[in-house]
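Text of start-v3.cif, listed as mmCIF, C-alpha atoms:
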data_structure
#
loop_
_atom_site.label_atom_id
_atom_site.label_comp_id
_atom_site.auth_asym_id
_atom_site.auth_seq_id
_atom_site.Cartn_x
_atom_site.Cartn_y
_atom_site.Cartn_z
CA MET W 234 -57.01 -18.55 -49.45
CA THR W 235 -58.02 -14.98 -50.39
CA GLU W 236 -58.10 -13.67 -53.95
CA GLN W 237 -55.10 -11.48 -53.12
CA GLU W 238 -53.12 -14.53 -51.98
CA VAL W 239 -54.09 -16.39 -55.15
CA PHE W 240 -53.08 -13.36 -57.23
CA GLU W 241 -49.65 -13.27 -55.58
CA LYS W 242 -49.05 -16.96 -56.23
CA VAL W 243 -50.28 -16.71 -59.82
CA GLN W 244 -48.04 -13.68 -60.28
CA GLU W 245 -45.04 -15.63 -58.98
CA THR W 246 -45.91 -18.53 -61.30
CA LEU W 247 -46.09 -16.27 -64.35
CA ILE W 248 -42.84 -14.50 -63.44
CA GLU W 249 -41.08 -17.88 -63.36
CA ALA W 250 -42.78 -19.32 -66.43
CA LEU W 251 -42.53 -16.28 -68.69
CA GLY W 252 -39.50 -14.44 -67.36
CA VAL W 253 -41.49 -11.21 -66.88
CA ASP W 254 -41.25 -8.59 -64.12
CA ASP W 255 -43.75 -8.45 -61.26
CA ASP W 256 -45.10 -5.05 -62.29
CA GLU W 257 -46.05 -6.44 -65.71
CA VAL W 258 -48.27 -9.12 -64.18
CA THR W 259 -51.40 -7.11 -63.48
CA ALA W 260 -54.86 -8.69 -63.26
CA GLU W 261 -55.83 -7.20 -66.63
CA ALA W 262 -52.64 -8.21 -68.50
CA THR W 263 -53.20 -10.70 -71.33
CA LEU W 264 -50.93 -13.74 -71.31
CA THR W 265 -50.12 -13.62 -75.01
CA GLY W 266 -50.29 -9.93 -75.91
CA ASP W 267 -48.89 -8.33 -72.76
CA LEU W 268 -46.77 -11.10 -71.25
CA GLY W 269 -45.54 -12.75 -74.47
CA ALA W 270 -46.71 -16.31 -73.79
CA GLU W 271 -46.32 -18.81 -76.64
CA SER W 272 -47.92 -22.22 -77.05
CA ILE W 273 -45.50 -24.27 -74.91
CA ASP W 274 -45.79 -21.63 -72.17
CA PHE W 275 -49.46 -22.48 -71.61
CA LEU W 276 -48.52 -26.03 -70.70
CA ASP W 277 -45.65 -24.75 -68.53
CA ILE W 278 -48.13 -22.47 -66.71
CA VAL W 279 -50.50 -25.42 -66.17
CA PHE W 280 -47.65 -27.56 -64.76
CA ARG W 281 -46.55 -24.78 -62.40
CA LEU W 282 -50.08 -23.95 -61.22
CA GLU W 283 -50.69 -27.62 -60.43
CA LYS W 284 -47.59 -27.62 -58.24
CA ALA W 285 -48.10 -24.19 -56.65
CA PHE W 286 -51.73 -24.83 -55.63
CA ASP W 287 -51.58 -28.63 -55.34
CA ILE W 288 -54.44 -29.03 -57.82
CA LYS W 289 -55.06 -31.16 -60.95
CA ILE W 290 -55.80 -29.26 -64.12
CA PRO W 291 -57.28 -31.50 -66.84
CA ARG W 292 -55.94 -30.54 -70.27
CA GLY W 293 -58.16 -28.06 -72.05
CA GLU W 294 -59.97 -26.95 -68.92
CA LEU W 295 -58.07 -23.76 -68.14
CA PHE W 296 -57.14 -23.06 -71.77
CA PRO W 297 -59.64 -24.76 -74.13
CA ASP W 298 -57.65 -26.10 -77.04
CA ASN W 299 -59.92 -27.52 -79.71
CA ILE W 300 -62.42 -24.75 -80.34
CA LEU W 301 -60.69 -23.38 -83.43
CA ASN W 302 -60.56 -26.64 -85.33
CA ASN W 303 -64.31 -27.25 -85.20
CA PRO W 304 -65.88 -25.85 -88.43
CA GLU W 305 -69.27 -25.55 -86.73
CA PHE W 306 -67.82 -22.98 -84.32
CA ILE W 307 -66.24 -20.62 -86.85
CA LYS W 308 -67.50 -18.59 -89.78
CA ASP W 309 -65.70 -15.75 -91.61
CA GLY W 310 -63.02 -15.56 -88.96
CA LYS W 311 -65.49 -15.15 -86.11
CA LEU W 312 -66.99 -17.53 -83.61
CA THR W 313 -70.55 -18.53 -84.47
CA ASP W 314 -73.28 -18.28 -81.83
CA VAL W 315 -72.86 -22.01 -81.24
CA GLY W 316 -69.10 -21.58 -80.92
CA LEU W 317 -69.43 -18.65 -78.54
CA THR W 318 -71.92 -20.54 -76.37
CA GLU W 319 -69.58 -23.54 -76.28
CA LEU W 320 -66.59 -21.39 -75.33
CA LYS W 321 -68.55 -19.62 -72.60
CA THR W 322 -69.63 -22.96 -71.20
CA ARG W 323 -66.07 -24.22 -71.17
CA MET W 324 -64.57 -21.00 -69.81
CA PRO W 325 -66.83 -19.85 -66.96
CA HIS W 326 -63.65 -18.35 -65.51
CA ALA W 327 -63.26 -15.81 -68.37
CA ASP W 328 -64.88 -12.40 -68.79
CA PHE W 329 -66.65 -12.29 -72.17
CA THR W 330 -67.97 -8.70 -71.93
CA ASP W 331 -65.66 -7.29 -74.64
CA PHE W 332 -65.14 -10.43 -76.69
CA GLU W 333 -68.82 -11.18 -77.33
CA GLN W 334 -69.27 -7.76 -78.95
CA ASP W 335 -66.93 -8.88 -81.71
CA PRO W 336 -65.98 -12.58 -81.41
CA ASP W 337 -63.12 -12.33 -83.90
CA ILE W 338 -60.94 -15.43 -83.46
CA ASN W 339 -57.84 -13.23 -83.50
CA LYS W 340 -59.14 -11.56 -80.34
CA MET W 341 -59.75 -14.85 -78.54
CA GLN W 342 -56.34 -14.58 -76.89
CA GLU W 343 -57.60 -11.52 -75.02
CA LEU W 344 -59.81 -13.83 -72.96
CA PHE W 345 -56.68 -15.30 -71.44
CA LYS W 346 -55.88 -12.67 -68.85
CA VAL W 347 -54.15 -12.99 -65.51
CA GLN W 348 -57.58 -12.49 -63.92
CA THR W 349 -58.89 -15.46 -65.95
CA VAL W 350 -56.23 -17.65 -64.35
CA ILE W 351 -57.03 -16.26 -60.89
CA ASN W 352 -60.75 -16.96 -61.37
CA TYR W 353 -60.01 -20.50 -62.50
CA VAL W 354 -57.77 -21.22 -59.50
CA MET W 355 -60.28 -19.66 -57.08
CA GLY W 356 -62.96 -21.98 -58.46
CA LYS W 357 -60.66 -24.95 -58.23
CA ILE W 358 -59.48 -24.49 -54.65
CA SER W 359 -62.96 -23.68 -53.31
CA ALA W 360 -64.47 -26.75 -55.03
CA MET B 127 -16.96 -34.47 -84.15
CA ARG B 128 -20.21 -35.72 -82.69
CA TRP B 129 -22.78 -33.42 -81.14
CA ILE B 130 -22.71 -35.16 -77.76
CA TRP B 131 -21.98 -32.83 -74.87
CA ILE B 132 -21.90 -35.32 -72.01
CA ASP B 133 -19.27 -37.99 -71.51
CA ARG B 134 -21.33 -40.53 -69.65
CA PHE B 135 -24.05 -41.04 -67.11
CA VAL B 136 -22.94 -41.55 -63.51
CA GLU B 137 -26.40 -42.19 -62.09
CA PHE B 138 -29.68 -42.86 -63.88
CA GLU B 139 -33.03 -43.47 -62.18
CA PRO B 140 -35.54 -44.18 -64.96
CA GLY B 141 -38.40 -41.69 -65.03
CA LYS B 142 -36.94 -39.67 -62.15
CA ARG B 143 -33.44 -38.24 -62.30
CA ALA B 144 -30.12 -38.47 -64.04
CA LEU B 145 -26.58 -37.37 -63.31
CA ALA B 146 -24.11 -37.02 -66.17
CA VAL B 147 -20.46 -35.99 -66.26
CA LYS B 148 -18.56 -33.91 -68.80
CA ASN B 149 -14.82 -33.35 -68.64
CA VAL B 150 -13.65 -30.23 -70.43
CA SER B 151 -10.34 -30.64 -72.26
CA LEU B 152 -7.92 -28.21 -73.84
CA ALA B 153 -7.79 -30.63 -76.78
CA GLU B 154 -11.39 -29.84 -77.69
CA GLU B 155 -11.66 -27.50 -80.66
CA HIS B 156 -14.62 -25.53 -79.40
CA VAL B 157 -12.95 -24.15 -76.25
CA HIS B 158 -10.65 -22.10 -78.49
CA ASP B 159 -13.45 -20.65 -80.60
CA TYR B 160 -15.23 -18.50 -78.02
CA TRP B 161 -12.47 -16.20 -76.74
CA GLU B 162 -9.29 -16.95 -78.65
CA ALA B 163 -6.87 -15.92 -75.90
CA TYR B 164 -8.82 -17.48 -73.03
CA PRO B 165 -10.18 -20.97 -73.70
CA THR B 166 -13.58 -21.56 -72.10
CA HIS B 167 -16.47 -23.99 -72.35
CA PRO B 168 -19.40 -21.66 -73.16
CA ALA B 169 -22.62 -21.57 -71.15
CA ALA B 170 -24.72 -22.32 -74.26
CA LEU B 171 -23.01 -25.72 -74.51
CA MET B 172 -23.70 -26.37 -70.83
CA VAL B 173 -27.37 -25.70 -71.56
CA GLU B 174 -27.03 -28.23 -74.39
CA GLY B 175 -25.27 -30.72 -72.10
CA PHE B 176 -28.02 -30.34 -69.52
CA ALA B 177 -30.64 -30.68 -72.28
CA GLN B 178 -29.05 -33.92 -73.48
CA THR B 179 -28.94 -35.31 -69.93
CA SER B 180 -32.60 -34.35 -69.45
CA GLY B 181 -33.75 -35.27 -72.94
CA ILE B 182 -32.43 -38.82 -72.62
CA LEU B 183 -34.04 -39.07 -69.16
CA VAL B 184 -37.39 -37.92 -70.57
CA GLY B 185 -37.07 -40.10 -73.68
CA GLN B 186 -36.23 -43.22 -71.70
CA ALA B 187 -39.21 -42.60 -69.40
CA ASN B 188 -41.38 -43.69 -72.35
CA ASP B 189 -38.92 -46.28 -73.68
CA PHE B 190 -37.89 -43.85 -76.44
CA GLU B 191 -41.37 -44.08 -77.98
CA HIS B 192 -41.55 -40.31 -78.42
CA ASP B 193 -39.16 -37.99 -80.16
CA VAL B 194 -38.23 -35.57 -77.43
CA VAL B 195 -37.29 -32.05 -78.51
CA LEU B 196 -36.24 -29.08 -76.40
CA ALA B 197 -39.20 -26.69 -76.40
CA LYS B 198 -38.31 -24.06 -73.84
CA VAL B 199 -35.54 -22.93 -71.53
CA ALA B 200 -37.49 -21.25 -68.72
CA LYS B 201 -34.37 -20.54 -66.67
CA ALA B 202 -30.62 -20.89 -67.13
CA GLU B 203 -28.67 -18.82 -64.63
CA PHE B 204 -24.90 -19.18 -64.43
CA THR B 205 -22.60 -17.82 -61.75
CA ASP B 206 -19.20 -18.90 -63.04
CA ILE B 207 -17.24 -19.71 -66.16
CA VAL B 208 -15.72 -23.09 -67.05
CA VAL B 209 -12.21 -23.69 -68.38
CA PRO B 210 -10.26 -26.74 -69.60
CA GLY B 211 -9.49 -29.11 -66.74
CA ASP B 212 -12.86 -28.52 -65.08
CA GLN B 213 -15.25 -31.37 -64.49
CA LEU B 214 -18.97 -30.71 -64.93
CA HIS B 215 -21.89 -32.60 -63.50
CA TYR B 216 -25.38 -32.16 -64.91
CA GLU B 217 -28.09 -33.27 -62.51
CA ALA B 218 -31.63 -33.31 -63.87
CA GLU B 219 -34.93 -34.25 -62.28
CA ILE B 220 -38.27 -34.71 -64.04
CA THR B 221 -40.83 -32.39 -62.41
CA ASN B 222 -43.68 -33.23 -64.76
CA LEU B 223 -44.27 -35.90 -67.37
CA ALA B 224 -47.39 -35.56 -69.53
CA PRO B 225 -48.41 -37.26 -72.81
CA GLU B 226 -47.40 -34.24 -74.89
CA ALA B 227 -44.51 -32.77 -72.92
CA ALA B 228 -42.27 -32.87 -69.86
CA SER B 229 -40.57 -30.37 -67.58
CA VAL B 230 -37.19 -30.78 -65.94
CA GLU B 231 -35.18 -28.89 -63.33
CA GLY B 232 -31.64 -29.21 -62.11
CA THR B 233 -28.14 -27.90 -61.67
CA VAL B 234 -24.74 -27.73 -63.27
CA ARG B 235 -21.85 -28.34 -60.87
CA LYS B 236 -18.24 -27.43 -61.59
CA ASN B 237 -15.72 -29.48 -59.61
CA GLY B 238 -18.49 -30.07 -57.06
CA GLU B 239 -19.76 -26.49 -56.76
CA VAL B 240 -23.17 -25.50 -58.14
CA ILE B 241 -22.64 -22.91 -60.87
CA ALA B 242 -26.02 -22.97 -62.61
CA ASN B 243 -29.72 -23.59 -62.08
CA ILE B 244 -31.68 -24.66 -65.13
CA SER B 245 -35.35 -25.27 -65.80
CA MET B 246 -36.53 -26.48 -69.21
CA MET B 247 -39.38 -28.13 -71.09
CA PHE B 248 -39.42 -30.85 -73.70
CA SER B 249 -42.12 -31.55 -76.22
CA HIS B 250 -43.01 -35.04 -77.40
CA ALA B 251 -42.79 -33.97 -81.01
CA ASN B 252 -44.93 -36.70 -82.54
CA ASN B 253 -47.79 -36.01 -80.11
CA ALA B 254 -47.50 -32.24 -80.01
CA MET B 255 -47.07 -31.62 -83.73
CA GLN B 256 -49.58 -33.92 -85.31
CA GLY B 257 -50.00 -33.29 -89.00
CA LEU B 258 -46.38 -32.37 -89.64
CA GLU B 259 -45.51 -36.00 -90.42
CA LEU B 260 -42.22 -35.97 -88.55
CA PRO B 261 -40.13 -39.08 -89.10
CA HIS B 262 -40.23 -41.32 -86.04
CA GLY B 263 -36.90 -41.85 -84.29
CA PHE B 264 -35.11 -38.74 -85.52
CA VAL B 265 -33.89 -37.75 -82.05
CA PHE B 266 -32.64 -40.84 -80.26
CA THR B 267 -29.93 -42.35 -82.37
CA GLY B 268 -28.02 -45.38 -81.13
CA SER B 269 -25.25 -43.40 -79.48
CA PHE B 270 -27.67 -41.69 -77.10
CA GLN B 271 -29.53 -44.87 -76.22
CA ARG B 272 -26.29 -46.80 -75.61
CA MET B 273 -25.34 -44.29 -72.90
CA VAL B 274 -28.15 -45.44 -70.61
CA GLU B 275 -28.05 -49.16 -71.41
CA PRO B 276 -25.71 -50.10 -68.52
CA PHE B 277 -28.17 -48.61 -66.03
CA LEU B 278 -31.17 -50.33 -67.57
CA GLU B 279 -29.44 -53.71 -67.64
CA LYS B 280 -28.57 -53.32 -63.96
CA ARG B 281 -32.22 -52.67 -63.21
CA ASN B 282 -33.30 -55.80 -65.10
CA ASP B 283 -30.87 -58.11 -63.29
#
Translate the structure described by the file into structure tokens.
Amino acid sequence: MTEQEVFEKVQETLIEALGVDDDEVTAEATLTGDLGAESIDFLDIVFRLEKAFDIKIPRGELFPDNILNNPEFIKDGKLTDVGLTELKTRMPHADFTDFEQDPDINKMQELFKVQTVINYVMGKISA
Amino acid sequence: MRWIWIDRFVEFEPGKRALAVKNVSLAEEHVHDYWEAYPTHPAALMVEGFAQTSGILVGQANDFEHDVVLAKVAKAEFTDIVVPGDQLHYEAEITNLAPEAASVEGTVRKNGEVIANISMMFSHANNAMQGLELPHGFVFTGSFQRMVEPFLEKRND
């Protein structure tokens, strides 16, 4: 499956899960900021991706969920070096170029882009 | 009045699917409250009826261990209105059942014709909202559980 084919399927998944229009689902769109995803939507997206691509997505693999409640990972509202390293290890599918300049936890959502999901699925189906 | 928007289950396959029936009557107060001159059973209450059908299905799948709450209506598209005298069938199928949540899809039929497609998600409140100290058993009161008992007894025979 090509990246374009994966993109189209991910796009369809997000349209169904979030009730957005196809032109909103660009590769650079963020799930929370641009597409309005809330917490339950992340699980809905995981369910739908599993079905669409016939893959298993262990909880916390696509969207790591217990980074923010580890005091070792956070200081003054930013990820510590240890926290950032941990997050990068757990999200090889995300692009950290902008985030690592200023790892403010409020900006963590910007890591969750449509492209992040595409990268994750590409890794999963080629594995 | 009790907040129960299905009359009874017609079919119930534990952990898989459920079919419930609701007969809309002119004697029901609510049909007069939406449009005074034209009694109807509003779509929002069909979403609720479908949610109750699905919620009991999801709850029973874990022997009512979890408090199941409606977390999201991903889709609810209606193509017709419903008036007194109509019979509704809510058919729901579990598409995913996880420790913290479940997703369900299905239809609403009016007198046999499909008039709505619905997709929704339920959260297992006690798993998903740890720390809030929700009381256990606040969703499935006796009246909901009694509705599925005939089907469970049949299975155990």
* **Residues of chain W within 12 Å of chain B, all atoms listed in the file counted, as a ChimeraX atom specification** => /W:246-253,270-284,290-292
* **Chain and number of each residue from the PyMOL selection byres ((chain B and resi 277) around 12), as number ranges by chain** => B: 134-140, 144-145, 183, 186, 271-276, 278-283
* Go ahead and compute the interatomic distance for atom CA of Gly268 of chain B and atom CA of Val184 of chain B, in Å to one decimal. =>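 Atom-to-atom, atom CA of Gly268 of chain B and atom CA of Val184 of chain B are spaced 16.0 Å apart.
The result of the PyMOL selection byres ((chain W and resi 297) around 12) on the shown file is Phe275, Leu276, Ile290, Pro291, Arg292, Gly293, Glu294, Leu295, Phe296, Asp298, Asn299, Ile300, Leu301, Asn302, Glu319, Leu320, Lys321, Thr322, Arg323, Met324, Pro325, His326, Ala327, Met341, Gln342, Leu344 and Phe345 of chain W.
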Could you turn the residues from that selection into a file that holds C-alpha atoms, as a compact mmCIF listing (two decimals), in the frame of the given file?
# COMPACT_ATOMS: atom_id res chain seq x y z
CA PHE W 275 -49.46 -22.48 -71.61
CA LEU W 276 -48.52 -26.03 -70.70
CA ILE W 290 -55.80 -29.26 -64.12
CA PRO W 291 -57.28 -31.50 -66.84
CA ARG W 292 -55.94 -30.54 -70.27
CA GLY W 293 -58.16 -28.06 -72.05
CA GLU W 294 -59.97 -26.95 -68.92
CA LEU W 295 -58.07 -23.76 -68.14
CA PHE W 296 -57.14 -23.06 -71.77
CA ASP W 298 -57.65 -26.10 -77.04
CA ASN W 299 -59.92 -27.52 -79.71
CA ILE W 300 -62.42 -24.75 -80.34
CA LEU W 301 -60.69 -23.38 -83.43
CA ASN W 302 -60.56 -26.64 -85.33
CA GLU W 319 -69.58 -23.54 -76.28
CA LEU W 320 -66.59 -21.39 -75.33
CA LYS W 321 -68.55 -19.62 -72.60
CA THR W 322 -69.63 -22.96 -71.20
CA ARG W 323 -66.07 -24.22 -71.17
CA MET W 324 -64.57 -21.00 -69.81
CA PRO W 325 -66.83 -19.85 -66.96
CA HIS W 326 -63.65 -18.35 -65.51
CA ALA W 327 -63.26 -15.81 -68.37
CA MET W 341 -59.75 -14.85 -78.54
CA GLN W 342 -56.34 -14.58 -76.89
CA LEU W 344 -59.81 -13.83 -72.96
CA PHE W 345 -56.68 -15.30 -71.44
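Computed from the coordinates, the atom CA of Glu238 of chain W to atom CA of Thr265 of chain W distance equals 23.2 Å.
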Neighbours of Pro165 of chain B within 12 Å (only C-alpha atoms; same-chain residues fewer than 3 positions away dropped), as a CSV table (one decimal) with C-alpha atoms, in the frame of the given file?
chain,number,residue,atom,x,y,z
B,150,VAL,CA,-13.6,-30.2,-70.4
B,151,SER,CA,-10.3,-30.6,-72.3
B,152,LEU,CA,-7.9,-28.2,-73.8
B,153,ALA,CA,-7.8,-30.6,-76.8
B,154,GLU,CA,-11.4,-29.8,-77.7
B,155,GLU,CA,-11.7,-27.5,-80.7
B,156,HIS,CA,-14.6,-25.5,-79.4
B,157,VAL,CA,-13.0,-24.2,-76.2
B,158,HIS,CA,-10.6,-22.1,-78.5
B,159,ASP,CA,-13.4,-20.6,-80.6
B,160,TYR,CA,-15.2,-18.5,-78.0
B,161,TRP,CA,-12.5,-16.2,-76.7
B,162,GLU,CA,-9.3,-17.0,-78.6
B,168,PRO,CA,-19.4,-21.7,-73.2
B,207,ILE,CA,-17.2,-19.7,-66.2
B,208,VAL,CA,-15.7,-23.1,-67.0
B,209,VAL,CA,-12.2,-23.7,-68.4
B,210,PRO,CA,-10.3,-26.7,-69.6
B,211,GLY,CA,-9.5,-29.1,-66.7
B,212,ASP,CA,-12.9,-28.5,-65.1
List the residues matched by the PyMOL selection byres ((chain B and resi 239) around 12) in the displayed structure as a PDB file with C-alpha atoms, keeping the file's coordinate frame, ordered by chain and then by residue number.
ATOM      1  CA  PHE B 204     -24.900 -19.180 -64.430  1.00  0.00           C
ATOM      2  CA  THR B 205     -22.600 -17.820 -61.750  1.00  0.00           C
ATOM      3  CA  ASP B 206     -19.200 -18.900 -63.040  1.00  0.00           C
ATOM      4  CA  ILE B 207     -17.240 -19.710 -66.160  1.00  0.00           C
ATOM      5  CA  VAL B 208     -15.720 -23.090 -67.050  1.00  0.00           C
ATOM      6  CA  ASP B 212     -12.860 -28.520 -65.080  1.00  0.00           C
ATOM      7  CA  GLN B 213     -15.250 -31.370 -64.490  1.00  0.00           C
ATOM      8  CA  LEU B 214     -18.970 -30.710 -64.930  1.00  0.00           C
ATOM      9  CA  HIS B 215     -21.890 -32.600 -63.500  1.00  0.00           C
ATOM     10  CA  TYR B 216     -25.380 -32.160 -64.910  1.00  0.00           C
ATOM     11  CA  THR B 233     -28.140 -27.900 -61.670  1.00  0.00           C
ATOM     12  CA  VAL B 234     -24.740 -27.730 -63.270  1.00  0.00           C
ATOM     13  CA  ARG B 235     -21.850 -28.340 -60.870  1.00  0.00           C
ATOM     14  CA  LYS B 236     -18.240 -27.430 -61.590  1.00  0.00           C
ATOM     15  CA  ASN B 237     -15.720 -29.480 -59.610  1.00  0.00           C
ATOM     16  CA  GLY B 238     -18.490 -30.070 -57.060  1.00  0.00           C
ATOM     17  CA  VAL B 240     -23.170 -25.500 -58.140  1.00  0.00           C
ATOM     18  CA  ILE B 241     -22.640 -22.910 -60.870  1.00  0.00           C
ATOM     19  CA  ALA B 242     -26.020 -22.970 -62.610  1.00  0.00           C
ATOM     20  CA  ASN B 243     -29.720 -23.590 -62.080  1.00  0.00           C
TER      21      ASN B 243
END
* To do: Could you please give me, as an MDAnalysis selection string, the residues of protein, DNA or RNA lying at most 9 Å from (-53.3, -10.7, -71.0) in the coordinate frame of the file, considering all atoms listed in the file?
  => chainID W and resid 258:269 342:349
Segment 292-300 of chain W rebuilt with all heavy atoms, output as a PDB file, in the coordinates of the input:
ATOM      1  N   ARG W 292     -56.318 -31.290 -69.064  1.00  0.00           N
ATOM      2  CA  ARG W 292     -55.940 -30.540 -70.270  1.00  0.00           C
ATOM      3  C   ARG W 292     -57.175 -29.952 -70.949  1.00  0.00           C
ATOM      4  O   ARG W 292     -58.190 -30.620 -71.098  1.00  0.00           O
ATOM      5  CB  ARG W 292     -55.217 -31.456 -71.258  1.00  0.00           C
ATOM      6  CG  ARG W 292     -53.927 -32.029 -70.725  1.00  0.00           C
ATOM      7  CD  ARG W 292     -52.877 -30.964 -70.401  1.00  0.00           C
ATOM      8  NE  ARG W 292     -51.796 -31.563 -69.627  1.00  0.00           N
ATOM      9  CZ  ARG W 292     -51.669 -31.457 -68.310  1.00  0.00           C
ATOM     10  NH1 ARG W 292     -52.511 -30.744 -67.610  1.00  0.00           N
ATOM     11  NH2 ARG W 292     -50.671 -32.053 -67.696  1.00  0.00           N
ATOM     12  N   GLY W 293     -57.057 -28.708 -71.341  1.00  0.00           N
ATOM     13  CA  GLY W 293     -58.160 -28.060 -72.050  1.00  0.00           C
ATOM     14  C   GLY W 293     -59.171 -27.396 -71.130  1.00  0.00           C
ATOM     15  O   GLY W 293     -60.087 -26.743 -71.608  1.00  0.00           O
ATOM     16  N   GLU W 294     -58.993 -27.536 -69.830  1.00  0.00           N
ATOM     17  CA  GLU W 294     -59.970 -26.950 -68.920  1.00  0.00           C
ATOM     18  C   GLU W 294     -59.692 -25.468 -68.651  1.00  0.00           C
ATOM     19  O   GLU W 294     -60.579 -24.627 -68.740  1.00  0.00           O
ATOM     20  CB  GLU W 294     -59.991 -27.719 -67.594  1.00  0.00           C
ATOM     21  CG  GLU W 294     -61.201 -27.386 -66.728  1.00  0.00           C
ATOM     22  CD  GLU W 294     -61.263 -28.247 -65.477  1.00  0.00           C
ATOM     23  OE1 GLU W 294     -60.669 -27.854 -64.452  1.00  0.00           O
ATOM     24  OE2 GLU W 294     -61.899 -29.311 -65.525  1.00  0.00           O
ATOM     25  N   LEU W 295     -58.440 -25.161 -68.362  1.00  0.00           N
ATOM     26  CA  LEU W 295     -58.070 -23.760 -68.140  1.00  0.00           C
ATOM     27  C   LEU W 295     -57.965 -23.019 -69.467  1.00  0.00           C
ATOM     28  O   LEU W 295     -58.460 -21.909 -69.626  1.00  0.00           O
ATOM     29  CB  LEU W 295     -56.728 -23.701 -67.373  1.00  0.00           C
ATOM     30  CG  LEU W 295     -56.068 -22.342 -67.178  1.00  0.00           C
ATOM     31  CD1 LEU W 295     -56.992 -21.342 -66.497  1.00  0.00           C
ATOM     32  CD2 LEU W 295     -54.775 -22.489 -66.387  1.00  0.00           C
ATOM     33  N   PHE W 296     -57.296 -23.641 -70.430  1.00  0.00           N
ATOM     34  CA  PHE W 296     -57.140 -23.060 -71.770  1.00  0.00           C
ATOM     35  C   PHE W 296     -57.748 -24.022 -72.792  1.00  0.00           C
ATOM     36  O   PHE W 296     -57.062 -24.931 -73.247  1.00  0.00           O
ATOM     37  CB  PHE W 296     -55.649 -22.863 -72.087  1.00  0.00           C
ATOM     38  CG  PHE W 296     -54.878 -22.080 -71.055  1.00  0.00           C
ATOM     39  CD1 PHE W 296     -53.816 -22.669 -70.371  1.00  0.00           C
ATOM     40  CD2 PHE W 296     -55.179 -20.752 -70.793  1.00  0.00           C
ATOM     41  CE1 PHE W 296     -53.084 -21.951 -69.434  1.00  0.00           C
ATOM     42  CE2 PHE W 296     -54.452 -20.034 -69.847  1.00  0.00           C
ATOM     43  CZ  PHE W 296     -53.404 -20.625 -69.166  1.00  0.00           C
ATOM     44  N   PRO W 297     -59.018 -23.841 -73.157  1.00  0.00           N
ATOM     45  CA  PRO W 297     -59.640 -24.760 -74.130  1.00  0.00           C
ATOM     46  C   PRO W 297     -58.827 -24.789 -75.425  1.00  0.00           C
ATOM     47  O   PRO W 297     -58.385 -23.749 -75.906  1.00  0.00           O
ATOM     48  CB  PRO W 297     -61.010 -24.137 -74.367  1.00  0.00           C
ATOM     49  CG  PRO W 297     -61.286 -23.343 -73.156  1.00  0.00           C
ATOM     50  CD  PRO W 297     -59.951 -22.812 -72.712  1.00  0.00           C
ATOM     51  N   ASP W 298     -58.613 -25.997 -75.955  1.00  0.00           N
ATOM     52  CA  ASP W 298     -57.650 -26.100 -77.040  1.00  0.00           C
ATOM     53  C   ASP W 298     -58.211 -26.587 -78.377  1.00  0.00           C
ATOM     54  O   ASP W 298     -57.522 -26.590 -79.369  1.00  0.00           O
ATOM     55  CB  ASP W 298     -56.493 -27.023 -76.609  1.00  0.00           C
ATOM     56  CG  ASP W 298     -57.002 -28.331 -76.043  1.00  0.00           C
ATOM     57  OD1 ASP W 298     -58.223 -28.556 -76.064  1.00  0.00           O
ATOM     58  OD2 ASP W 298     -56.166 -29.126 -75.556  1.00  0.00           O
ATOM     59  N   ASN W 299     -59.460 -27.015 -78.416  1.00  0.00           N
ATOM     60  CA  ASN W 299     -59.920 -27.520 -79.710  1.00  0.00           C
ATOM     61  C   ASN W 299     -61.180 -26.820 -80.213  1.00  0.00           C
ATOM     62  O   ASN W 299     -62.018 -27.404 -80.869  1.00  0.00           O
ATOM     63  CB  ASN W 299     -60.123 -29.042 -79.658  1.00  0.00           C
ATOM     64  CG  ASN W 299     -61.024 -29.439 -78.500  1.00  0.00           C
ATOM     65  OD1 ASN W 299     -61.516 -28.561 -77.781  1.00  0.00           O
ATOM     66  ND2 ASN W 299     -61.255 -30.719 -78.320  1.00  0.00           N
ATOM     67  N   ILE W 300     -61.279 -25.540 -79.870  1.00  0.00           N
ATOM     68  CA  ILE W 300     -62.420 -24.750 -80.340  1.00  0.00           C
ATOM     69  C   ILE W 300     -62.200 -24.364 -81.815  1.00  0.00           C
ATOM     70  O   ILE W 300     -63.093 -24.470 -82.646  1.00  0.00           O
ATOM     71  CB  ILE W 300     -62.562 -23.462 -79.490  1.00  0.00           C
ATOM     72  CG1 ILE W 300     -62.964 -23.816 -78.049  1.00  0.00           C
ATOM     73  CG2 ILE W 300     -63.553 -22.495 -80.120  1.00  0.00           C
ATOM     74  CD1 ILE W 300     -64.403 -24.234 -77.859  1.00  0.00           C
TER      75      ILE W 300
END
